[in-house]
Amino acid sequence: MATDEETKLVGADRVLAVLTELAEHPQGASLDELAQSLHSSKSTVHRALTALRRAGLASQVSRGIYILGDEFLRLAFRNYAARPEAVRVEPVLRELARTYGETTHYAVLDGTDVVYRAKVDAPGGGVRLTSEIGGRNPAHRTAVGKLLLSYEISSERELERWIGGRALEARTPNSITSASELWAQLEAARKNGFAVDDQENEPGVNCVALPLGPELGSSPAGAISISALAFRTPLAELVAAVPQIRQTIEASANSWDSVH
């Protein structure tokens, strides 16, 4: 007789659960590891793996070790490369990374999180940040999140509804943990046209974020940020560079719009 956990992993749900779990194991995972992570039987997971391998979405690289298949990666990369936002932001991210020698991101707001849609690492192969394309961070701890929230939330009461009684979790001693602090930063972002992260999400890393767009009277689709190692590029230097950063973003956006 199937357990409660077993009944949750049937058909397409089972296959998708295994696919998602495989994505967390770039070095590969065994059948036992996958079954344990998914609280499911090995036979259930094995059936899902068989379906995924048949479609090229999973591969067995050695005896009992599975990874995402090349077909999955081909589809993902082809889709990402063809997205209009990727085509639009990659040149400006590369230009900003080259100019300031730091990591650049493009992110969008998704509920209480930001999702990174594009990233260009700092040139030179030095210290790399832990962020990744498709990764998430709580909006209240990031410059991109605070900037985008400043367009979405127009009052402190609305902000309290957005928080909904949950704790604003801290990751560093500088993380914002109260609605009043967050509201003050949203007001500053709205007034200044940019937002900052003063080592609030990652120790030793500060950040400045500006909108991509928007058109007059509308919210931006996303935000572009420069994330810098604090010892190398202090936050005050990033803030001082905001006019030049904005000019680079606007020039790139105008160039893209002129050919589309």
# chains A, B, ... in the order shown; residues from 1 in each chain; ligands from 1
call {"tool": "select_by_dssp", "arguments": {"residues": "region 93-162 of chain A", "states": "alpha helix (DSSP H)", "output": "PyMOL selection string"}}
result
chain A and resi 93-100+143-152+156-162
call {"tool": "residues_around", "arguments": {"residues": "region 222-237 of chain A", "least_positions_apart": "6", "cutoff": "9 Å", "atoms": "only C-alpha atoms", "output": "ChimeraX atom specification"}}
result
/A:89,92-93,96-97,100-109,122,127,129,143-145,147-148,196-199,203-214,249
call {"tool": "write_last_selection", "arguments": {"atoms": "C-alpha atoms", "output": "PDB file, in the first residue's frame"}}
result
ATOM      1  CA  VAL A  89      20.997  43.088 -20.709  1.00  0.00           C
ATOM      2  CA  VAL A  92      25.369  46.374 -20.528  1.00  0.00           C
ATOM      3  CA  LEU A  93      26.267  43.863 -17.801  1.00  0.00           C
ATOM      4  CA  LEU A  96      29.644  47.609 -16.400  1.00  0.00           C
ATOM      5  CA  ALA A  97      31.678  44.603 -15.216  1.00  0.00           C
ATOM      6  CA  TYR A 100      34.136  48.781 -12.610  1.00  0.00           C
ATOM      7  CA  GLY A 101      35.883  45.420 -12.306  1.00  0.00           C
ATOM      8  CA  GLU A 102      33.031  43.918 -10.285  1.00  0.00           C
ATOM      9  CA  THR A 103      30.183  41.420 -10.711  1.00  0.00           C
ATOM     10  CA  THR A 104      26.985  42.600 -12.381  1.00  0.00           C
ATOM     11  CA  HIS A 105      23.454  41.177 -12.221  1.00  0.00           C
ATOM     12  CA  TYR A 106      20.045  41.561 -13.775  1.00  0.00           C
ATOM     13  CA  ALA A 107      17.192  40.526 -11.469  1.00  0.00           C
ATOM     14  CA  VAL A 108      13.402  40.614 -11.283  1.00  0.00           C
ATOM     15  CA  LEU A 109      10.995  40.613  -8.365  1.00  0.00           C
ATOM     16  CA  ALA A 122      34.096  40.306 -12.389  1.00  0.00           C
ATOM     17  CA  VAL A 127      36.808  36.208  -6.115  1.00  0.00           C
ATOM     18  CA  LEU A 129      30.122  35.761  -5.684  1.00  0.00           C
ATOM     19  CA  ALA A 143      19.675  46.396  -3.581  1.00  0.00           C
ATOM     20  CA  VAL A 144      17.753  45.069  -6.580  1.00  0.00           C
ATOM     21  CA  GLY A 145      14.941  43.895  -4.317  1.00  0.00           C
ATOM     22  CA  LEU A 147      14.714  49.150  -5.718  1.00  0.00           C
ATOM     23  CA  LEU A 148      11.956  47.072  -7.326  1.00  0.00           C
ATOM     24  CA  VAL A 196      21.985  50.063  -2.050  1.00  0.00           C
ATOM     25  CA  ASP A 197      22.916  46.948  -0.119  1.00  0.00           C
ATOM     26  CA  ASP A 198      25.512  47.734   2.554  1.00  0.00           C
ATOM     27  CA  GLN A 199      26.791  44.200   3.222  1.00  0.00           C
ATOM     28  CA  PRO A 203      29.412  39.853   4.383  1.00  0.00           C
ATOM     29  CA  GLY A 204      32.044  41.912   2.622  1.00  0.00           C
ATOM     30  CA  VAL A 205      29.869  42.575  -0.429  1.00  0.00           C
ATOM     31  CA  ASN A 206      28.048  45.835  -1.118  1.00  0.00           C
ATOM     32  CA  CYS A 207      25.840  46.694  -4.046  1.00  0.00           C
ATOM     33  CA  VAL A 208      24.086  49.457  -5.943  1.00  0.00           C
ATOM     34  CA  ALA A 209      21.047  48.817  -8.177  1.00  0.00           C
ATOM     35  CA  LEU A 210      19.321  50.882 -10.861  1.00  0.00           C
ATOM     36  CA  PRO A 211      16.178  50.167 -12.889  1.00  0.00           C
ATOM     37  CA  LEU A 212      16.211  48.866 -16.428  1.00  0.00           C
ATOM     38  CA  GLY A 213      13.808  51.442 -17.826  1.00  0.00           C
ATOM     39  CA  PRO A 214      11.104  52.209 -16.937  1.00  0.00           C
ATOM     40  CA  ILE A 249      22.349  51.578 -18.830  1.00  0.00           C
TER      41      ILE A 249
END
call {"tool": "select_by_dssp", "arguments": {"residues": "region 22-128 of chain A", "states": "strand (DSSP E or B)", "output": "ChimeraX atom specification"}}
result
/A:29-30,58-62,65-68,103-110,113-120
call {"tool": "residues_around", "arguments": {"residues": "Ser43 (chain A)", "least_positions_apart": "2", "cutoff": "12 Å", "atoms": "only C-alpha atoms", "output": "ChimeraX atom specification"}}
result
/A:6,9-10,14,31-32,34-35,39-41,45-50
call {"tool": "residues_around", "arguments": {"residues": "Ile65 (chain A)", "least_positions_apart": "6", "cutoff": "10 Å", "atoms": "only C-alpha atoms", "output": "ChimeraX atom specification"}}
result
/A:27-33,59
call {"tool": "write_last_selection", "arguments": {"atoms": "N, CA, C and O atoms", "output": "CSV table (one decimal), in the first residue's frame"}}
result
chain,number,residue,atom,x,y,z
A,27,GLN,N,27.4,17.3,-9.5
A,27,GLN,CA,28.4,16.3,-9.6
A,27,GLN,C,27.8,14.9,-9.7
A,27,GLN,O,28.5,13.9,-9.8
A,28,GLY,N,26.4,14.8,-9.7
A,28,GLY,CA,25.8,13.6,-9.8
A,28,GLY,C,25.2,13.1,-8.5
A,28,GLY,O,25.7,13.5,-7.4
A,29,ALA,N,24.2,12.2,-8.5
A,29,ALA,CA,23.6,11.7,-7.3
A,29,ALA,C,23.2,10.2,-7.6
A,29,ALA,O,22.9,9.8,-8.7
A,30,SER,N,23.3,9.4,-6.6
A,30,SER,CA,22.9,8.0,-6.7
A,30,SER,C,21.4,7.8,-6.5
A,30,SER,O,20.7,8.7,-6.0
A,31,LEU,N,20.9,6.7,-6.9
A,31,LEU,CA,19.5,6.4,-6.7
A,31,LEU,C,19.2,6.5,-5.2
A,31,LEU,O,18.1,7.0,-4.9
A,32,ASP,N,20.0,5.9,-4.4
A,32,ASP,CA,19.8,6.0,-2.9
A,32,ASP,C,19.6,7.5,-2.4
A,32,ASP,O,18.7,7.8,-1.6
A,33,GLU,N,20.6,8.3,-2.9
A,33,GLU,CA,20.5,9.7,-2.5
A,33,GLU,C,19.3,10.4,-2.9
A,33,GLU,O,18.6,11.2,-2.2
A,59,SER,N,21.1,11.6,-17.4
A,59,SER,CA,22.1,10.7,-17.9
A,59,SER,C,22.6,9.9,-16.8
A,59,SER,O,22.7,10.4,-15.6
call {"tool": "closest_residue", "arguments": {"among": "A:Arg141, A:Arg171, A:Arg78, A:Lys146", "to": "Ala184 (chain A)", "atoms": "only C-alpha atoms"}}
result
A:Lys146
call {"tool": "atom_distance", "arguments": {"atom1": "CA of Val115 (chain A)", "atom2": "CA of Glu132 (chain A)"}}
result
9.2 Å
call {"tool": "atom_distance", "arguments": {"atom1": "CA of Glu24 (chain A)", "atom2": "CA of Ala170 (chain A)"}}
result
24.3 Å
call {"tool": "closest_residue", "arguments": {"among": "A:Leu168, A:Thr44, A:Gln244, A:Leu19", "to": "Gly56 (chain A)", "atoms": "only C-alpha atoms"}}
result
A:Leu19
call {"tool": "residues_around", "arguments": {"residues": "Leu68 (chain A)", "least_positions_apart": "3", "cutoff": "8 Å", "atoms": "only C-alpha atoms", "output": "ChimeraX atom specification"}}
result
/A:19,22-23,26,57-59,72-73
call {"tool": "atom_distance", "arguments": {"atom1": "CA of Gly124 (chain A)", "atom2": "CA of Glu90 (chain A)"}}
result
17.8 Å
